[in-house]
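Everything below concerns the one structure shown next.
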Protein chains: 2
Amino acid sequence: MSEKILLAHGSGSKLSHDLVEKILVPSLTNPILAQLDDAAVFPLSGRLAFTTDSYVVNPIFFPGGDIGRLAVCGTVNDLSTSGARPLYLSLALIIEEGLELDDLRRVIESVRNTAAEAGVQIVTGDTKVVNRGKADRLFINTAGIGLIQEGVDISGSHVRPGDKIILSGGIGEHGIAVMSRREGLEFKVPVVSDCAPLNRMVAGMLKASNNIHSLRDPTRGGLASTLSEFALQSGVGIIIEEGKIPVHDGVRGACELLGLDPLYIANEGKMVAAVAPEDAVAVLASMQGNRYGTQAALIGEVTAEHKGRVIMKTRIGASRIVDLPAGEILPRIC
Amino acid sequence: MSEKILLAHGSGSKLSHDLVEKILVPSLTNPILAQLDDAAVFPLSGRLAFTTDSYVVNPIFFPGGDIGRLAVCGTVNDLSTSGARPLYLSLALIIEEGLELDDLRRVIESVRNTAAEAGVQIVTGDTKVVNRGKADRLFINTAGIGLIQEGVDISGSHVRPGDKIILSGGIGEHGIAVMSRREGLEFKVPVVSDCAPLNRMVAGMLKASNNIHSLRDPTRGGLASTLSEFALQSGVGIIIEEGKIPVHDGVRGACELLGLDPLYIANEGKMVAAVAPEDAVAVLASMQGNRYGTQAALIGEVTAEHKGRVIMKTRIGASRIVDLPAGEILPRIC
């Protein structure tokens, strides 16, 4: 087999069959995928969650992860935000002609390892190849299906006055890690992406409480966007305390240097929860017991005032409005 | 709103919220999508089909369709090949910075109309924007979920000796239509893409017979690839008759002119079925009664000999092996 991806790898030809049968299927194999029909078939019953995301991160390998790990985590985490247990993922590749086959192998290996960690199966897929210069090495789309347990009803529109806002750990690590690799920047304290599958942490939270109202992973637009969306979708006000938001020293340093606000920087392994006050301590403890939630913190609460707004009490005691970002901050972070 | 897509349209910023809330959601709206959480939630029970495809067709508008219609039809048809009734689709856009907003609106309009024709709902989505020169105007990924009726068990591995091979109409129209637009070619007899959702035709076929063993839509690699896949997956031989395969005059002329074989040219609105001989006439009649199957024809049969091979009896009485295509024929047709 050629050592670089050719247009013919995406054409339905012998080469594309080889690519699927020698690289993709053996690495990702499971009985549903192995059927190799145009659609995967499996039995499933209940309330389902269904989501999709494309990943165009540049570069495709970065400190703490790569586009393959990102593509699995992103969709696993989006399913988790509905309280679903993620089960089945699709994997669709858009490859630029000329990509090194070894790079593709590395990414697929990472997809496999991350899927195994999360306990999900890749059951269907697609590969397209476009001419050199018409994409940027590799784009990945994953869609996913999960199953929501009876009694769980979680939505960005269910945040209620009195709820506590809990954040699972330090913010901005993914965005700063990708940008530092892309721009060739080196910071005193190196920053590694937080890219991680959070479904097991969320499963623990759901065991700890029946009163989790809302969950969201603060990716593009960062914590600021996620909280703004909660406030707008639920028609509530959210008050957070700057001093309680965990920020890794490396992220803080990089943001100061570059004039960025960590509130707006993307995360790929963090979860924000709005929880009824009586259960906040139990949920927080459950998160802290998971490897991806050791730094979890209670960062604020929900109010009936300031509807649709997020307000931050700063370290020096002032208050400022946290708005949706106005424009692009760091393109192609995910 | 700006008249061209900016990087900020994909950033989780106000502009990206505007794009979603002013262009995407109003056009595609339904109660599940309108929830606007990271995952769509709906009840569903039974044997499910799940599939994904990315679309990178160039140009994005072509005679008989566009990338939006293609993205809905392709996934609807892939679900139909498992005998599933397509229900829910995801829609993920990768947009090159600078795309005209009006072109995006036209594509979304087309997604909406095609989804309405097929009776499916777009329930979740994603939008990414990449810098100018890092994609080619617009790539779309759709994933889809369908429900398989009890008793239906269709797979490319279920073709049996004695089965009749039925094709729903003329081959090669999509590939030739896209190529003619892309290369600025004009043929005596104009060719229009066959791009169409075939789920209603397949529903009729399943009503007409409980003995449909295999279904596949001959897209990339054309009829030759689909039949080769059937032969390989099921370990059977397939014998087809050249004279019985419908080919539109325009496709025949274009292929003669360009030295192409219509057997290898992509279709986007055709279905190939392997059916038990006793039900072949009923299935054929049911296809011919559908608007997308009026030219349906019985083109061959399955044998226990020539395992893994497709053999074509030519018009002049010779036999030749129809193999998988060796390399790329027409890139970026879908």
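Chains: A, B, ... in order of the structure tokens. Residues: from 1 per chain. Ligands: from 1, in order shown.
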Q) Counting only C-alpha atoms, which residues from chain B have an atom at most 7 Å from any atom of chain A, and could you show them as a ChimeraX atom specification? A) /B:7-8,11-15,37-54,78-79,81-82,90,92,124-126,128,130,133-136,143,155-156,220-221,225,324-328,331-332
Among range 168-220 of chain B, which ones does DSSP assign to alpha helix (DSSP H) (computed from the backbone)? Answer as a compact mmCIF listing (two decimals) with N, CA, C and O atoms, in the first residue's frame.
```txt
# COMPACT_ATOMS: atom_id res chain seq x y z
N GLU B 173 -25.88 8.72 -14.17
CA GLU B 173 -26.37 10.09 -14.39
C GLU B 173 -25.76 11.10 -13.41
O GLU B 173 -25.40 12.21 -13.80
N HIS B 174 -25.65 10.72 -12.16
CA HIS B 174 -25.09 11.68 -11.19
C HIS B 174 -23.64 12.04 -11.53
O HIS B 174 -23.28 13.22 -11.62
N GLY B 175 -22.83 11.03 -11.73
CA GLY B 175 -21.41 11.27 -12.02
C GLY B 175 -21.21 12.12 -13.26
O GLY B 175 -20.40 13.07 -13.25
N ILE B 176 -21.92 11.81 -14.32
CA ILE B 176 -21.75 12.57 -15.57
C ILE B 176 -22.28 14.00 -15.41
O ILE B 176 -21.65 14.95 -15.89
N ALA B 177 -23.38 14.16 -14.69
CA ALA B 177 -23.93 15.51 -14.49
C ALA B 177 -22.95 16.39 -13.72
O ALA B 177 -22.72 17.55 -14.09
N VAL B 178 -22.37 15.86 -12.66
CA VAL B 178 -21.44 16.65 -11.85
C VAL B 178 -20.18 16.97 -12.66
O VAL B 178 -19.71 18.11 -12.69
N MET B 179 -19.67 15.96 -13.35
CA MET B 179 -18.45 16.17 -14.12
C MET B 179 -18.67 17.18 -15.24
O MET B 179 -17.81 18.01 -15.51
N SER B 180 -19.82 17.11 -15.89
CA SER B 180 -20.05 18.02 -17.01
C SER B 180 -20.08 19.46 -16.50
O SER B 180 -19.51 20.35 -17.12
N ARG B 181 -20.71 19.69 -15.34
CA ARG B 181 -20.74 21.04 -14.80
C ARG B 181 -19.35 21.49 -14.37
O ARG B 181 -18.91 22.60 -14.64
N ARG B 182 -18.63 20.56 -13.75
CA ARG B 182 -17.30 20.92 -13.23
C ARG B 182 -16.33 21.25 -14.35
O ARG B 182 -15.55 22.18 -14.26
N GLU B 183 -16.38 20.45 -15.40
CA GLU B 183 -15.39 20.62 -16.47
C GLU B 183 -15.90 21.54 -17.57
O GLU B 183 -15.22 21.75 -18.57
N ASN B 199 -36.35 6.20 0.00
CA ASN B 199 -36.94 5.45 1.11
C ASN B 199 -38.39 5.04 0.84
O ASN B 199 -38.80 3.97 1.25
N ARG B 200 -39.14 5.86 0.12
CA ARG B 200 -40.53 5.49 -0.14
C ARG B 200 -40.59 4.34 -1.14
O ARG B 200 -41.43 3.43 -1.02
N MET B 201 -39.68 4.35 -2.14
CA MET B 201 -39.63 3.24 -3.08
C MET B 201 -39.28 1.95 -2.33
O MET B 201 -39.90 0.90 -2.56
N VAL B 202 -38.31 2.02 -1.43
CA VAL B 202 -37.91 0.82 -0.68
C VAL B 202 -39.04 0.34 0.22
O VAL B 202 -39.28 -0.87 0.36
N ALA B 203 -39.78 1.28 0.83
CA ALA B 203 -40.92 0.88 1.67
C ALA B 203 -41.92 0.07 0.84
O ALA B 203 -42.45 -0.95 1.30
N GLY B 204 -42.15 0.51 -0.38
CA GLY B 204 -43.06 -0.22 -1.27
C GLY B 204 -42.53 -1.61 -1.61
O GLY B 204 -43.29 -2.59 -1.65
N MET B 205 -41.22 -1.70 -1.84
CA MET B 205 -40.61 -3.00 -2.16
C MET B 205 -40.77 -3.97 -0.98
O MET B 205 -41.05 -5.16 -1.16
N LEU B 206 -40.60 -3.44 0.23
CA LEU B 206 -40.71 -4.30 1.42
C LEU B 206 -42.15 -4.74 1.65
O LEU B 206 -42.39 -5.80 2.23
N LYS B 207 -43.10 -3.93 1.20
CA LYS B 207 -44.51 -4.35 1.26
C LYS B 207 -44.77 -5.46 0.25
O LYS B 207 -45.55 -6.38 0.51
N ALA B 208 -44.10 -5.36 -0.90
CA ALA B 208 -44.36 -6.30 -2.00
C ALA B 208 -43.72 -7.67 -1.74
O ALA B 208 -44.14 -8.67 -2.33
```
Q: Pick out the residues sitting within 8 Å of range 249-260 of chain B, and hand them over as a PyMOL selection string; count only C-alpha atoms, and ignore anything fewer than 6 positions along from it in its own chain.
A: chain B and resi 171-173+176+187-191
Write the residues of the preceding selection, restricted to C-alpha atoms, as a PDB file, in the first residue's frame.
```pdb
ATOM      1  CA  ILE B 171     -26.882   4.315 -14.403  1.00  0.00           C
ATOM      2  CA  GLY B 172     -24.177   6.993 -14.359  1.00  0.00           C
ATOM      3  CA  GLU B 173     -26.365  10.087 -14.390  1.00  0.00           C
ATOM      4  CA  ILE B 176     -21.755  12.569 -15.565  1.00  0.00           C
ATOM      5  CA  PHE B 187     -23.176  17.005 -24.325  1.00  0.00           C
ATOM      6  CA  LYS B 188     -25.715  16.710 -27.137  1.00  0.00           C
ATOM      7  CA  VAL B 189     -28.206  15.140 -24.723  1.00  0.00           C
ATOM      8  CA  PRO B 190     -27.956  16.953 -21.366  1.00  0.00           C
ATOM      9  CA  VAL B 191     -27.522  14.762 -18.303  1.00  0.00           C
TER      10      VAL B 191
END
```
**Q.** Close residues, range 104-115 of chain A itself excluded, 10 Å, only C-alpha atoms, min 5 positions apart in chain, as an MDAnalysis selection string
**A.** chainID A and resid 4:5 23:25 27:29 60:61 65:73 76 87:89 91 93 95 99 120:122 137:138 196:197
Q | For CA of Leu198 in chain A and CA of Pro277 in chain A, the interatomic separation in Å (one decimal) | A | 22.5 Å
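Across the structure, CA of Leu223 in chain B and CA of Gly64 in chain B are spaced 20.0 Å apart.
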Q) In Å, with one decimal, what is the gap from CA of Ser228 in chain A to CA of Gly308 in chain A? A)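 CA of Ser228 in chain A sits 7.1 Å away from CA of Gly308 in chain A.
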